[in-house]
file run.cif (mmCIF, C-alpha atoms)
data_run
#
loop_
_atom_site.label_atom_id
_atom_site.label_comp_id
_atom_site.auth_asym_id
_atom_site.auth_seq_id
_atom_site.Cartn_x
_atom_site.Cartn_y
_atom_site.Cartn_z
CA MET A 1208 -68.73 -21.24 -12.11
CA SER A 1209 -71.23 -24.02 -11.87
CA GLU A 1210 -74.41 -24.52 -13.85
CA ASN A 1211 -76.97 -26.60 -12.15
CA LYS A 1212 -80.25 -26.50 -13.96
CA GLN A 1213 -81.60 -22.95 -13.76
CA GLN A 1214 -79.24 -21.52 -11.19
CA ARG A 1215 -75.68 -20.38 -11.82
CA ALA A 1216 -73.29 -19.86 -8.96
CA LEU A 1217 -69.75 -18.71 -8.34
CA LEU A 1218 -68.08 -21.36 -6.22
CA MET A 1219 -65.23 -20.81 -3.81
CA PRO A 1220 -64.07 -22.44 -0.60
CA GLU A 1221 -67.07 -22.83 1.72
CA ARG A 1222 -69.14 -20.36 -0.30
CA ALA A 1223 -71.44 -20.20 -3.27
CA LEU A 1224 -72.61 -16.86 -4.63
CA ARG A 1225 -75.77 -17.00 -6.70
CA LEU A 1226 -75.31 -15.26 -10.00
CA ASN A 1227 -78.19 -13.63 -11.82
CA GLY A 1228 -78.63 -10.65 -14.13
CA PRO A 1229 -75.95 -8.07 -13.38
CA SER A 1230 -73.78 -10.27 -11.12
CA LEU A 1231 -73.60 -12.91 -13.85
CA GLU A 1232 -72.76 -10.24 -16.45
CA ILE A 1233 -69.94 -8.98 -14.22
CA VAL A 1234 -68.45 -12.37 -13.35
CA GLN A 1235 -68.52 -13.51 -16.99
CA ARG A 1236 -66.29 -10.53 -17.78
CA CYS A 1237 -63.77 -11.27 -15.01
CA ASP A 1238 -61.64 -13.22 -17.44
CA GLY A 1239 -58.22 -11.65 -17.03
CA LYS A 1240 -58.75 -9.69 -20.25
CA HIS A 1241 -61.44 -7.10 -19.47
CA THR A 1242 -60.32 -4.02 -17.57
CA VAL A 1243 -62.57 -2.71 -14.82
CA GLN A 1244 -63.38 0.27 -17.05
CA GLN A 1245 -64.42 -2.04 -19.91
CA ILE A 1246 -66.71 -4.00 -17.60
CA ILE A 1247 -68.33 -0.76 -16.47
CA SER A 1248 -68.81 0.54 -20.02
CA GLU A 1249 -70.30 -2.72 -21.26
CA LEU A 1250 -72.75 -2.99 -18.40
CA GLN A 1251 -73.73 0.65 -18.76
CA GLN A 1252 -74.77 -0.24 -22.31
CA ILE A 1253 -76.67 -3.36 -21.24
CA TYR A 1254 -78.41 -1.50 -18.43
CA SER A 1255 -78.84 1.71 -20.37
CA LYS A 1256 -82.01 2.63 -18.50
CA ALA A 1257 -80.12 2.80 -15.21
CA GLU A 1258 -78.18 5.84 -14.06
CA PRO A 1259 -74.61 5.26 -15.39
CA LYS A 1260 -73.02 6.46 -12.14
CA LYS A 1261 -75.17 4.01 -10.18
CA VAL A 1262 -74.09 1.15 -12.47
CA GLU A 1263 -70.45 2.08 -11.90
CA THR A 1264 -70.85 2.27 -8.12
CA ASP A 1265 -72.64 -1.07 -7.99
CA ILE A 1266 -69.99 -2.77 -10.12
CA LEU A 1267 -67.12 -1.42 -8.03
CA GLY A 1268 -68.93 -2.55 -4.88
CA TYR A 1269 -69.45 -6.02 -6.27
CA LEU A 1270 -65.83 -6.36 -7.45
CA THR A 1271 -64.66 -5.27 -3.99
CA LEU A 1272 -66.88 -7.91 -2.42
CA LEU A 1273 -65.42 -10.60 -4.70
CA HIS A 1274 -61.92 -9.37 -3.91
CA GLU A 1275 -62.53 -9.50 -0.15
CA GLN A 1276 -63.99 -12.98 -0.52
CA ARG A 1277 -60.70 -13.80 -2.27
CA ALA A 1278 -62.54 -14.93 -5.37
CA LEU A 1279 -60.88 -12.24 -7.48
CA ASP A 1280 -57.58 -10.43 -7.81
CA PHE A 1281 -56.86 -7.25 -9.73
CA ASP A 1282 -53.95 -7.10 -12.15
CA SER A 1283 -52.12 -3.84 -11.77
CA MET B 1398 -94.45 -31.43 5.60
CA THR B 1399 -91.77 -28.80 5.26
CA THR B 1400 -90.58 -27.39 2.00
CA MET B 1401 -87.36 -29.08 1.17
CA ALA B 1402 -84.43 -27.34 -0.44
CA ASN B 1403 -81.69 -29.08 -2.39
CA PRO B 1404 -78.64 -30.26 -0.52
CA LEU B 1405 -75.81 -27.81 -1.32
CA ALA B 1406 -72.76 -29.71 -0.12
CA LEU B 1407 -71.75 -33.32 0.15
CA ILE B 1408 -69.29 -34.30 2.85
CA ALA B 1409 -67.60 -37.42 1.57
CA GLU B 1410 -65.83 -39.23 4.40
CA LEU B 1411 -63.79 -41.45 2.16
CA THR B 1412 -62.04 -43.39 4.90
CA HIS B 1413 -61.42 -43.45 8.65
CA ARG B 1414 -57.78 -44.40 8.10
CA CYS B 1415 -55.45 -41.61 9.17
CA PRO B 1416 -51.78 -41.20 10.05
CA LEU B 1417 -52.78 -38.64 12.71
CA HIS B 1418 -54.40 -39.43 16.06
CA CYS B 1419 -55.85 -36.04 16.98
CA VAL B 1420 -57.48 -35.89 20.36
CA TYR B 1421 -60.47 -33.96 18.96
CA CYS B 1422 -61.09 -36.01 15.81
CA SER B 1423 -64.63 -35.59 14.44
CA ASN B 1424 -64.85 -39.24 13.42
CA PRO B 1425 -67.03 -41.50 15.57
CA LEU B 1426 -65.53 -43.46 18.45
CA GLU B 1427 -66.23 -46.63 16.50
CA LEU B 1428 -63.98 -46.45 13.44
CA GLN B 1429 -64.47 -48.45 10.25
CA ASN B 1430 -61.63 -50.33 8.63
CA ARG B 1431 -60.51 -50.41 5.02
CA ALA B 1432 -62.34 -53.62 4.12
CA ASN B 1433 -65.71 -51.92 4.68
CA GLU B 1434 -65.01 -48.81 2.60
CA LEU B 1435 -67.08 -47.92 -0.47
CA THR B 1436 -65.57 -48.67 -3.88
CA THR B 1437 -64.44 -46.13 -6.47
CA ALA B 1438 -67.51 -46.97 -8.56
CA THR B 1439 -69.92 -46.32 -5.71
CA TRP B 1440 -68.34 -42.95 -4.90
CA THR B 1441 -68.49 -42.03 -8.58
CA ARG B 1442 -72.22 -42.77 -8.59
CA ILE B 1443 -72.66 -40.73 -5.39
CA PHE B 1444 -70.97 -37.68 -6.93
CA GLN B 1445 -73.18 -37.91 -10.02
CA GLU B 1446 -76.35 -38.28 -7.97
CA ALA B 1447 -75.29 -35.43 -5.70
CA ALA B 1448 -74.79 -33.06 -8.63
CA GLN B 1449 -78.16 -34.08 -10.06
CA ALA B 1450 -79.80 -33.38 -6.69
CA GLY B 1451 -78.40 -29.82 -6.73
CA VAL B 1452 -75.22 -30.25 -4.69
CA LEU B 1453 -72.57 -27.67 -5.64
CA GLN B 1454 -69.57 -28.69 -3.55
CA ALA B 1455 -67.94 -31.95 -2.53
CA ASP B 1456 -65.74 -32.03 0.57
CA LEU B 1457 -63.43 -35.01 0.27
CA THR B 1458 -62.40 -35.79 3.78
CA GLY B 1459 -61.84 -38.67 6.20
CA GLY B 1460 -59.79 -39.74 8.16
CA GLU B 1461 -57.13 -38.82 5.69
CA PRO B 1462 -58.62 -38.83 2.14
CA LEU B 1463 -55.13 -39.29 0.66
CA ALA B 1464 -55.04 -42.70 2.34
CA ARG B 1465 -57.31 -43.83 -0.51
CA THR B 1466 -55.11 -45.12 -3.33
CA ASP B 1467 -57.86 -44.10 -5.78
CA ILE B 1468 -57.97 -40.46 -4.60
CA ILE B 1469 -56.98 -39.09 -8.02
CA GLU B 1470 -59.84 -40.97 -9.66
CA LEU B 1471 -62.24 -39.79 -6.97
CA VAL B 1472 -61.27 -36.14 -7.47
CA ARG B 1473 -61.71 -36.55 -11.21
CA ALA B 1474 -65.09 -38.26 -10.74
CA ALA B 1475 -66.39 -35.48 -8.49
CA ARG B 1476 -65.14 -32.76 -10.85
CA THR B 1477 -66.53 -34.53 -13.91
CA ALA B 1478 -69.90 -34.71 -12.18
CA GLY B 1479 -69.77 -30.90 -12.03
CA LEU B 1480 -68.93 -30.44 -8.37
CA TYR B 1481 -66.47 -27.93 -6.88
CA VAL B 1482 -63.92 -30.23 -5.26
CA ASN B 1483 -62.45 -29.54 -1.82
CA LEU B 1484 -59.79 -31.81 -0.36
CA ILE B 1485 -59.54 -31.64 3.41
CA THR B 1486 -56.20 -33.16 4.29
CA SER B 1487 -53.44 -33.45 6.86
CA GLY B 1488 -50.97 -33.26 3.97
CA MET B 1489 -49.15 -36.32 5.25
CA PRO B 1490 -49.09 -38.61 2.22
CA LEU B 1491 -48.52 -35.79 -0.28
CA ASP B 1492 -45.56 -35.01 -2.50
CA GLU B 1493 -45.02 -32.88 -5.58
CA ALA B 1494 -46.02 -35.56 -8.09
CA ARG B 1495 -49.22 -36.49 -6.30
CA LEU B 1496 -50.22 -32.85 -5.85
CA ALA B 1497 -49.75 -32.26 -9.58
CA LYS B 1498 -51.98 -35.23 -10.36
CA LEU B 1499 -54.70 -34.02 -7.97
CA ILE B 1500 -54.75 -30.62 -9.62
CA ASP B 1501 -54.72 -32.15 -13.08
CA ALA B 1502 -57.73 -34.24 -12.02
CA GLY B 1503 -59.62 -31.03 -11.23
CA LEU B 1504 -59.01 -30.27 -7.57
CA ASP B 1505 -60.36 -26.76 -6.87
CA HIS B 1506 -59.41 -26.21 -3.26
CA LEU B 1507 -57.08 -27.81 -0.78
CA GLN B 1508 -57.60 -27.31 2.95
CA LEU B 1509 -54.52 -28.17 4.96
CA SER B 1510 -55.00 -28.86 8.64
CA PHE B 1511 -52.53 -27.71 11.26
CA GLN B 1512 -52.53 -28.79 14.89
CA GLY B 1513 -50.61 -25.71 16.00
CA ALA B 1514 -47.97 -23.22 14.92
CA ARG B 1515 -45.24 -24.90 16.93
CA GLU B 1516 -43.95 -28.36 16.27
CA GLU B 1517 -44.11 -29.45 19.89
CA THR B 1518 -47.80 -28.57 20.36
CA ALA B 1519 -48.82 -29.92 16.99
CA ASN B 1520 -47.12 -33.27 17.51
CA GLU B 1521 -48.54 -33.66 21.00
CA ILE B 1522 -52.10 -33.06 19.78
CA SER B 1523 -51.83 -35.26 16.68
CA GLY B 1524 -49.97 -38.00 18.55
CA THR B 1525 -47.44 -38.15 15.73
CA LYS B 1526 -44.65 -36.16 14.10
CA ALA B 1527 -46.56 -34.41 11.35
CA HIS B 1528 -45.77 -30.71 11.59
CA ALA B 1529 -42.57 -30.64 9.53
CA GLN B 1530 -44.27 -32.45 6.63
CA LYS B 1531 -47.10 -29.89 6.67
CA LEU B 1532 -44.55 -27.08 6.30
CA ARG B 1533 -43.11 -28.93 3.29
CA VAL B 1534 -46.60 -29.15 1.77
CA LEU B 1535 -47.03 -25.38 2.21
CA GLU B 1536 -43.93 -24.91 0.07
CA LEU B 1537 -45.28 -27.27 -2.61
CA LEU B 1538 -48.57 -25.37 -2.66
CA ARG B 1539 -46.79 -22.14 -3.62
CA GLN B 1540 -45.81 -23.71 -6.93
CA VAL B 1541 -49.29 -24.69 -8.10
CA ARG B 1542 -52.59 -23.09 -9.00
CA VAL B 1543 -55.19 -24.18 -6.48
CA ALA B 1544 -57.16 -22.37 -3.78
CA VAL B 1545 -55.59 -22.96 -0.37
CA THR B 1546 -57.07 -22.76 3.12
CA LEU B 1547 -55.10 -23.32 6.28
CA ASN B 1548 -57.21 -24.80 9.03
CA PHE B 1549 -56.16 -24.46 12.65
CA VAL B 1550 -58.23 -26.36 15.17
CA ILE B 1551 -58.16 -24.21 18.31
CA HIS B 1552 -58.17 -25.33 21.94
CA ARG B 1553 -56.63 -24.45 25.30
CA ALA B 1554 -53.16 -25.69 24.39
CA ASN B 1555 -52.75 -23.66 21.18
CA ILE B 1556 -55.13 -20.69 21.49
CA GLY B 1557 -52.19 -18.57 22.66
CA GLN B 1558 -50.38 -19.19 19.34
CA ILE B 1559 -52.84 -17.39 17.05
CA ASP B 1560 -50.33 -14.67 16.12
CA GLU B 1561 -47.85 -17.33 15.04
CA MET B 1562 -50.56 -19.14 13.09
CA LEU B 1563 -51.45 -15.91 11.29
CA ALA B 1564 -47.78 -15.39 10.44
CA LEU B 1565 -47.63 -18.90 8.99
CA ALA B 1566 -50.72 -18.19 6.88
CA GLU B 1567 -49.30 -14.88 5.67
CA SER B 1568 -46.08 -16.57 4.59
CA SER B 1569 -48.02 -19.11 2.53
CA SER B 1570 -50.13 -19.01 -0.64
CA ALA B 1571 -53.38 -19.38 1.34
CA THR B 1572 -56.20 -16.95 0.62
CA ARG B 1573 -58.28 -18.26 3.50
CA VAL B 1574 -57.46 -19.26 7.04
CA GLU B 1575 -59.87 -20.90 9.40
CA PHE B 1576 -59.57 -20.77 13.19
CA ALA B 1577 -62.04 -23.40 14.24
CA ASN B 1578 -62.47 -23.99 17.92
CA VAL B 1579 -62.93 -27.65 18.71
CA GLN B 1580 -66.55 -28.76 18.67
CA TYR B 1581 -67.24 -31.15 21.49
CA TYR B 1582 -68.42 -34.49 20.13
CA GLY B 1583 -66.82 -37.92 19.96
CA TRP B 1584 -63.09 -37.84 20.72
CA ALA B 1585 -63.24 -34.15 21.60
CA PHE B 1586 -66.08 -34.71 24.06
CA ALA B 1587 -63.97 -37.32 25.81
CA ASN B 1588 -61.07 -34.83 26.05
CA ARG B 1589 -63.14 -31.67 26.57
CA GLU B 1590 -61.95 -30.63 30.00
CA ARG B 1591 -58.38 -30.46 28.73
CA LEU B 1592 -59.33 -28.82 25.42
CA LEU B 1593 -61.79 -26.06 26.30
CA PRO B 1594 -60.07 -22.66 26.46
CA THR B 1595 -60.50 -20.46 29.50
CA ARG B 1596 -62.62 -17.30 29.27
CA PRO B 1597 -59.62 -14.92 29.28
CA GLN B 1598 -57.91 -16.98 26.56
CA LEU B 1599 -61.07 -16.85 24.46
CA ASP B 1600 -61.47 -13.07 24.85
CA ARG B 1601 -57.85 -12.45 23.86
CA SER B 1602 -58.17 -14.69 20.80
CA ILE B 1603 -61.29 -12.90 19.57
CA GLU B 1604 -59.55 -9.55 19.86
CA THR B 1605 -56.51 -10.84 17.94
CA LEU B 1606 -58.65 -12.27 15.17
CA LYS B 1607 -60.83 -9.18 14.80
CA SER B 1608 -57.79 -7.03 14.19
CA ALA B 1609 -56.33 -9.66 11.83
CA GLN B 1610 -59.54 -9.61 9.78
CA GLU B 1611 -59.15 -5.86 9.32
CA ARG B 1612 -55.44 -5.98 8.61
CA LEU B 1613 -55.67 -8.83 6.07
CA ARG B 1614 -58.81 -7.68 4.25
CA GLY B 1615 -58.37 -8.34 0.51
CA LYS B 1616 -55.41 -10.65 1.18
CA ILE B 1617 -56.64 -13.49 3.35
CA ARG B 1618 -60.16 -14.32 4.46
CA VAL B 1619 -59.87 -14.91 8.21
CA GLU B 1620 -62.69 -17.07 9.55
CA TYR B 1621 -63.45 -18.02 13.09
CA VAL B 1622 -65.58 -20.72 14.67
CA ALA B 1623 -66.36 -20.01 18.32
CA PRO B 1624 -66.48 -22.62 21.06
CA ASP B 1625 -70.24 -22.67 21.48
CA TYR B 1626 -70.18 -23.59 25.18
CA TYR B 1627 -69.32 -19.90 25.69
CA ALA B 1628 -72.01 -18.62 23.36
CA LYS B 1629 -75.27 -16.92 24.27
CA TYR B 1630 -77.18 -18.65 21.48
CA PRO B 1631 -76.45 -21.97 19.78
CA LYS B 1632 -74.92 -22.40 16.35
CA PRO B 1633 -77.27 -23.25 13.46
CA CYS B 1634 -75.69 -26.69 13.36
CA MET B 1635 -74.94 -27.81 9.77
CA GLY B 1636 -77.15 -24.91 8.63
CA GLY B 1637 -80.10 -26.85 10.02
CA TRP B 1638 -80.74 -30.58 10.10
CA GLY B 1639 -81.29 -31.94 6.59
CA ARG B 1640 -81.37 -28.45 5.08
CA LYS B 1641 -78.04 -28.02 3.33
CA LEU B 1642 -75.65 -30.88 3.85
CA MET B 1643 -75.40 -34.61 3.50
CA LEU B 1644 -72.51 -36.62 4.90
CA ILE B 1645 -71.67 -40.07 3.59
CA THR B 1646 -69.60 -42.26 5.91
CA PRO B 1647 -66.78 -44.53 4.64
CA THR B 1648 -69.25 -47.43 4.58
CA GLY B 1649 -72.03 -45.51 2.83
CA ASP B 1650 -74.37 -44.44 5.61
CA ALA B 1651 -76.04 -41.12 4.79
CA LEU B 1652 -76.05 -38.72 7.75
CA PRO B 1653 -77.26 -35.16 8.37
CA CYS B 1654 -74.07 -34.44 10.37
CA HIS B 1655 -70.80 -35.95 11.56
CA ALA B 1656 -72.06 -37.08 14.93
CA ALA B 1657 -75.67 -38.08 14.17
CA GLN B 1658 -75.02 -41.78 14.72
CA ILE B 1659 -74.86 -41.20 18.47
CA ILE B 1660 -78.58 -40.33 18.56
CA PRO B 1661 -80.50 -43.42 19.65
CA GLY B 1662 -83.50 -44.58 17.66
CA LEU B 1663 -82.42 -43.11 14.33
CA HIS B 1664 -81.93 -45.47 11.41
CA PHE B 1665 -79.58 -44.22 8.72
CA GLU B 1666 -80.04 -45.49 5.22
CA ASN B 1667 -77.10 -46.66 3.18
CA ILE B 1668 -76.25 -45.23 -0.22
CA LYS B 1669 -75.67 -48.75 -1.53
CA ASP B 1670 -79.40 -49.40 -1.14
CA ARG B 1671 -81.06 -46.17 -2.29
CA SER B 1672 -80.33 -43.12 -4.39
CA LEU B 1673 -79.00 -39.96 -2.79
CA ARG B 1674 -82.12 -38.01 -3.76
CA GLU B 1675 -84.46 -40.59 -2.24
CA ILE B 1676 -82.52 -40.57 1.00
CA TRP B 1677 -82.42 -36.78 1.11
CA GLN B 1678 -86.14 -36.45 0.50
CA ASN B 1679 -87.65 -39.41 2.30
CA SER B 1680 -85.40 -41.02 4.84
CA ALA B 1681 -86.83 -40.90 8.36
CA ALA B 1682 -83.49 -39.81 9.81
CA PHE B 1683 -83.31 -36.73 7.56
CA GLN B 1684 -86.96 -35.91 8.24
CA LYS B 1685 -86.64 -36.33 11.99
CA PHE B 1686 -85.49 -32.81 12.89
CA ARG B 1687 -86.53 -30.91 9.78
CA GLY B 1688 -88.92 -28.04 10.23
CA GLU B 1689 -90.29 -27.15 13.67
CA ALA B 1690 -92.76 -29.90 14.61
CA TRP B 1691 -90.16 -31.71 16.74
CA MET B 1692 -89.22 -28.63 18.76
CA GLN B 1693 -89.84 -28.23 22.47
CA GLU B 1694 -90.14 -24.99 24.41
CA PRO B 1695 -88.40 -22.60 24.57
CA CYS B 1696 -87.49 -23.21 20.89
CA LYS B 1697 -91.06 -23.78 19.72
CA SER B 1698 -92.13 -20.19 20.30
CA CYS B 1699 -88.69 -18.56 20.05
CA ASP B 1700 -88.06 -15.74 17.57
CA ARG B 1701 -84.68 -17.24 16.75
CA ARG B 1702 -85.95 -20.67 15.74
CA GLU B 1703 -85.50 -19.96 12.02
CA GLN B 1704 -81.97 -18.66 12.61
CA ASP B 1705 -80.45 -21.43 14.70
CA PHE B 1706 -83.02 -24.24 14.29
CA GLY B 1707 -82.75 -25.06 17.99
CA GLY B 1708 -78.99 -25.56 17.77
CA CYS B 1709 -77.30 -28.92 17.67
CA ARG B 1710 -79.23 -32.16 18.17
CA CYS B 1711 -76.13 -34.14 19.10
CA GLN B 1712 -75.12 -31.59 21.71
CA ALA B 1713 -78.66 -31.70 23.13
CA LEU B 1714 -78.26 -35.44 23.48
CA LEU B 1715 -74.76 -35.29 24.95
CA LEU B 1716 -75.48 -32.58 27.52
CA ALA B 1717 -79.24 -32.76 28.16
CA GLY B 1718 -79.76 -36.45 27.43
CA ASP B 1719 -82.51 -35.65 24.89
CA ALA B 1720 -81.83 -35.05 21.20
CA SER B 1721 -85.08 -33.05 20.87
CA ALA B 1722 -84.23 -30.61 23.65
CA THR B 1723 -83.07 -27.05 23.14
CA ASP B 1724 -79.30 -27.06 22.67
CA PRO B 1725 -78.00 -26.68 26.25
CA VAL B 1726 -75.49 -24.00 25.23
CA CYS B 1727 -78.45 -21.66 24.59
CA SER B 1728 -78.86 -19.09 27.37
CA LEU B 1729 -82.63 -19.73 27.19
CA ALA B 1730 -82.32 -23.51 27.58
CA PRO B 1731 -83.55 -25.00 30.86
CA THR B 1732 -80.43 -27.18 30.81
CA ARG B 1733 -77.92 -24.32 30.33
CA GLY B 1734 -76.57 -25.28 33.75
CA LYS B 1735 -74.94 -28.36 32.20
CA ALA B 1736 -72.75 -26.24 29.95
CA ASP B 1737 -72.09 -23.75 32.74
CA ALA B 1738 -70.89 -26.52 35.06
CA ILE B 1739 -68.31 -27.60 32.48
CA LEU B 1740 -67.18 -23.99 31.98
CA ALA B 1741 -66.91 -23.49 35.74
CA ALA B 1742 -64.57 -26.47 35.98
CA VAL B 1743 -62.49 -25.14 33.09
CA ASN B 1744 -62.28 -21.65 34.59
CA LYS B 1745 -61.26 -22.67 38.12
CA PRO B 1746 -58.22 -20.68 39.28
CA SER B 1747 -56.26 -23.92 39.52
CA VAL B 1748 -56.58 -24.64 35.80
CA VAL B 1749 -53.28 -23.99 34.13
CA GLU B 1750 -52.91 -23.40 30.43
CA THR B 1751 -50.42 -26.19 29.94
CA LEU B 1752 -50.02 -28.64 27.17
CA THR B 1753 -48.73 -32.01 28.21
CA SER B 1754 -51.31 -34.31 29.64
CA PRO B 1755 -50.85 -37.98 30.39
CA ASP B 1756 -54.60 -38.40 30.01
CA TRP B 1757 -55.24 -37.68 26.32
CA LEU B 1758 -57.52 -40.15 24.68
CA TYR B 1759 -55.88 -40.48 21.26
CA ARG B 1760 -57.92 -41.53 18.26
CA PRO B 1761 -56.34 -44.71 16.85
CA ASN B 1762 -55.89 -45.74 13.24
CA PRO B 1763 -58.51 -48.39 12.42
CA SER B 1764 -56.98 -51.76 11.72
CA SER B 1765 -56.71 -52.46 8.00
#
call {"tool": "encode", "arguments": {"input": "run.cif", "output": "structure tokens"}}
result
Amino acid sequence: MSENKQQRALLMPERALRLNGPSLEIVQRCDGKHTVQQIISELQQIYSKAEPKKVETDILGYLTLLHEQRALDFDS
Amino acid sequence: MTTMANPLALIAELTHRCPLHCVYCSNPLELQNRANELTTATWTRIFQEAAQAGVLQADLTGGEPLARTDIIELVRAARTAGLYVNLITSGMPLDEARLAKLIDAGLDHLQLSFQGAREETANEISGTKAHAQKLRVLELLRQVRVAVTLNFVIHRANIGQIDEMLALAESSSATRVEFANVQYYGWAFANRERLLPTRPQLDRSIETLKSAQERLRGKIRVEYVAPDYYAKYPKPCMGGWGRKLMLITPTGDALPCHAAQIIPGLHFENIKDRSLREIWQNSAAFQKFRGEAWMQEPCKSCDRREQDFGGCRCQALLLAGDASATDPVCSLAPTRGKADAILAAVNKPSVVETLTSPDWLYRPNPSS
């Protein structure tokens, strides 16, 4: 991750993904310690006004995107 | 005046020295020698100024960046400045100890170039015996923690080897593989009639790569750069002139792209004289093709002008003789016939998809 003034970004070869709000909350938890389920539970608490199922779907979609960009691997 | 965004990436051409002599090298025809190269201290300042100006990534390239004896210090300087550090290398002067030092200095990503999947093709194109060393580097890369891209530059003589190239990528630790068709400037422009693939070759390669993208999803990012002579619309060259990228040459000239020095009448400022931010914001060369005021028809009123920015200025110069013209590869360009004439020559029935040519113009190593 890079911090340049106001904007944070996830850097990878030939790409930079802007991180803000939920995407930043997700990436900060991709630390090799959190399970996917823990990330979902924690964000459901932070975004408690949102429909929990919607939060889960969005997180899984974002993790899949990061995986396909090869920025992230899942431990089995 | 157009609104100006930050530069996002810095292409640092550390040197023109290179053990390879690739016939499509993106360096200019006039190569600079070692005596004129920027010092470690100047590059360090450039990386700091780049990060302050909003740059996120530094591409350390050349020539061969490992030809710089201070490469470890340069990687560390770029990383310390807060940049994501990419090393774009032939892998020639690289062994286990040096790789460990590069990673310790903060290297994030190593892009290893290949000239083919077969030794014979690769050595012919690079004008040297390099392929076996690259395979050794692939083995070294398995042992370390760094992002790896394999880069295959694609042309008529190796476009039929894409399956073998994919197999090489799959057997390595790479998470990204780039199939970049040659872009026709400089050395490649001189060799273009022997490098451009034929239409059937191109169609087959696209089919192969599409299915590879599906098959390797989640394992390897497969990326493809088309040969734009065959395209319907031009590429948004460099993401638009002076919009995203700054390139610094080995001697410190600040350019909007690799080839910009071929455009007559442009004066490029040198980083030894002014700060990176000043050059980005104010230099006449960076301003020249920003925004839309410079555009001619059909670009001026085209719906796509904010997508492709009129295409490539250098290609407009090379093919249409006017750097302000619509990129001649565009199907709407009045000069599209220039690109079509080249394609017609390449697609004549007599053209054979062979490799050996006595006529290659090899890029030399600049004298040191």
call {"tool": "interface_residues", "arguments": {"input": "run.cif", "of": "chain A", "to": "chain B", "cutoff": "12 Å", "atoms": "only C-alpha atoms", "output": "JSON, numbers by chain"}}
result
{"A": [1208, 1209, 1210, 1211, 1212, 1213, 1214, 1215, 1216, 1217, 1218, 1219, 1220, 1221, 1222, 1223, 1224, 1225, 1270, 1271, 1272, 1273, 1274, 1275, 1276, 1277, 1278, 1279, 1280, 1281]}
call {"tool": "residues_near_point", "arguments": {"input": "run.cif", "point": "(-75.1, -44.6, -0.5)", "cutoff": "10 Å", "atoms": "all atoms listed in the file", "output": "list in words"}}
result
Leu1435, Thr1439, Trp1440, Arg1442, Ile1443, Glu1446, Leu1644, Ile1645, Thr1646, Pro1647, Thr1648, Gly1649, Asp1650, Ala1651, Glu1666, Asn1667, Ile1668, Lys1669, Asp1670, Arg1671, Ser1672, Leu1673 and Ile1676 of chain B
call {"tool": "residues_around", "arguments": {"input": "run.cif", "residues": "A:Ile1253", "least_positions_apart": "6", "cutoff": "10 Å", "atoms": "only C-alpha atoms", "output": "VMD selection string"}}
result
chain A and resid 1229 1232 1247
call {"tool": "atom_distance", "arguments": {"input": "run.cif", "atom1": "atom CA of B:Ala1577", "atom2": "atom CA of B:Val1550"}}
result
4.9 Å
call {"tool": "resolve_selection", "arguments": {"input": "run.cif", "expression": "the PyMOL selection byres ((chain B and resi 1728) around 9)", "output": "ChimeraX atom specification"}}
result
/B:1628-1631,1725-1727,1729-1733
call {"tool": "resolve_selection", "arguments": {"input": "run.cif", "expression": "the PyMOL selection byres ((chain B and resi 1741) around 12)", "output": "list in words"}}
result
Glu1590, Leu1593, Pro1594, Thr1595, Arg1596, Tyr1626, Tyr1627, Gly1734, Lys1735, Ala1736, Asp1737, Ala1738, Ile1739, Leu1740, Ala1742, Val1743, Asn1744, Lys1745, Pro1746, Ser1747 and Val1748 of chain B
call {"tool": "write_last_selection", "arguments": {"input": "run.cif", "atoms": "C-alpha atoms", "output": "JSON list (two decimals), in the coordinates of the input"}}
result
[["chain", "number", "residue", "atom", "x", "y", "z"],
["B", 1590, "GLU", "CA", -61.95, -30.63, 30.00],
["B", 1593, "LEU", "CA", -61.79, -26.06, 26.30],
["B", 1594, "PRO", "CA", -60.07, -22.66, 26.46],
["B", 1595, "THR", "CA", -60.50, -20.46, 29.50],
["B", 1596, "ARG", "CA", -62.62, -17.30, 29.27],
["B", 1626, "TYR", "CA", -70.18, -23.59, 25.18],
["B", 1627, "TYR", "CA", -69.32, -19.90, 25.69],
["B", 1734, "GLY", "CA", -76.57, -25.28, 33.75],
["B", 1735, "LYS", "CA", -74.94, -28.36, 32.20],
["B", 1736, "ALA", "CA", -72.75, -26.24, 29.95],
["B", 1737, "ASP", "CA", -72.09, -23.75, 32.74],
["B", 1738, "ALA", "CA", -70.89, -26.52, 35.06],
["B", 1739, "ILE", "CA", -68.31, -27.60, 32.48],
["B", 1740, "LEU", "CA", -67.18, -23.99, 31.98],
["B", 1742, "ALA", "CA", -64.57, -26.47, 35.98],
["B", 1743, "VAL", "CA", -62.49, -25.14, 33.09],
["B", 1744, "ASN", "CA", -62.28, -21.65, 34.59],
["B", 1745, "LYS", "CA", -61.26, -22.67, 38.12],
["B", 1746, "PRO", "CA", -58.22, -20.68, 39.28],
["B", 1747, "SER", "CA", -56.26, -23.92, 39.52],
["B", 1748, "VAL", "CA", -56.58, -24.64, 35.80]]
call {"tool": "residues_near_point", "arguments": {"input": "run.cif", "point": "(-57.6, -33.3, -14.1)", "cutoff": "12 Å", "atoms": "only C-alpha atoms", "output": "PyMOL selection string"}}
result
chain B and resi 1468-1477+1482+1495-1505
call {"tool": "resolve_selection", "arguments": {"input": "run.cif", "expression": "the PyMOL selection byres ((chain B and resi 1416) around 12)", "output": "number ranges by chain"}}
result
B: 1412-1415, 1417-1419, 1459-1464, 1486-1490, 1520, 1523-1527, 1759-1764
call {"tool": "atom_distance", "arguments": {"input": "run.cif", "atom1": "atom CA of B:Glu1516", "atom2": "atom CA of B:Phe1549"}}
result
13.3 Å
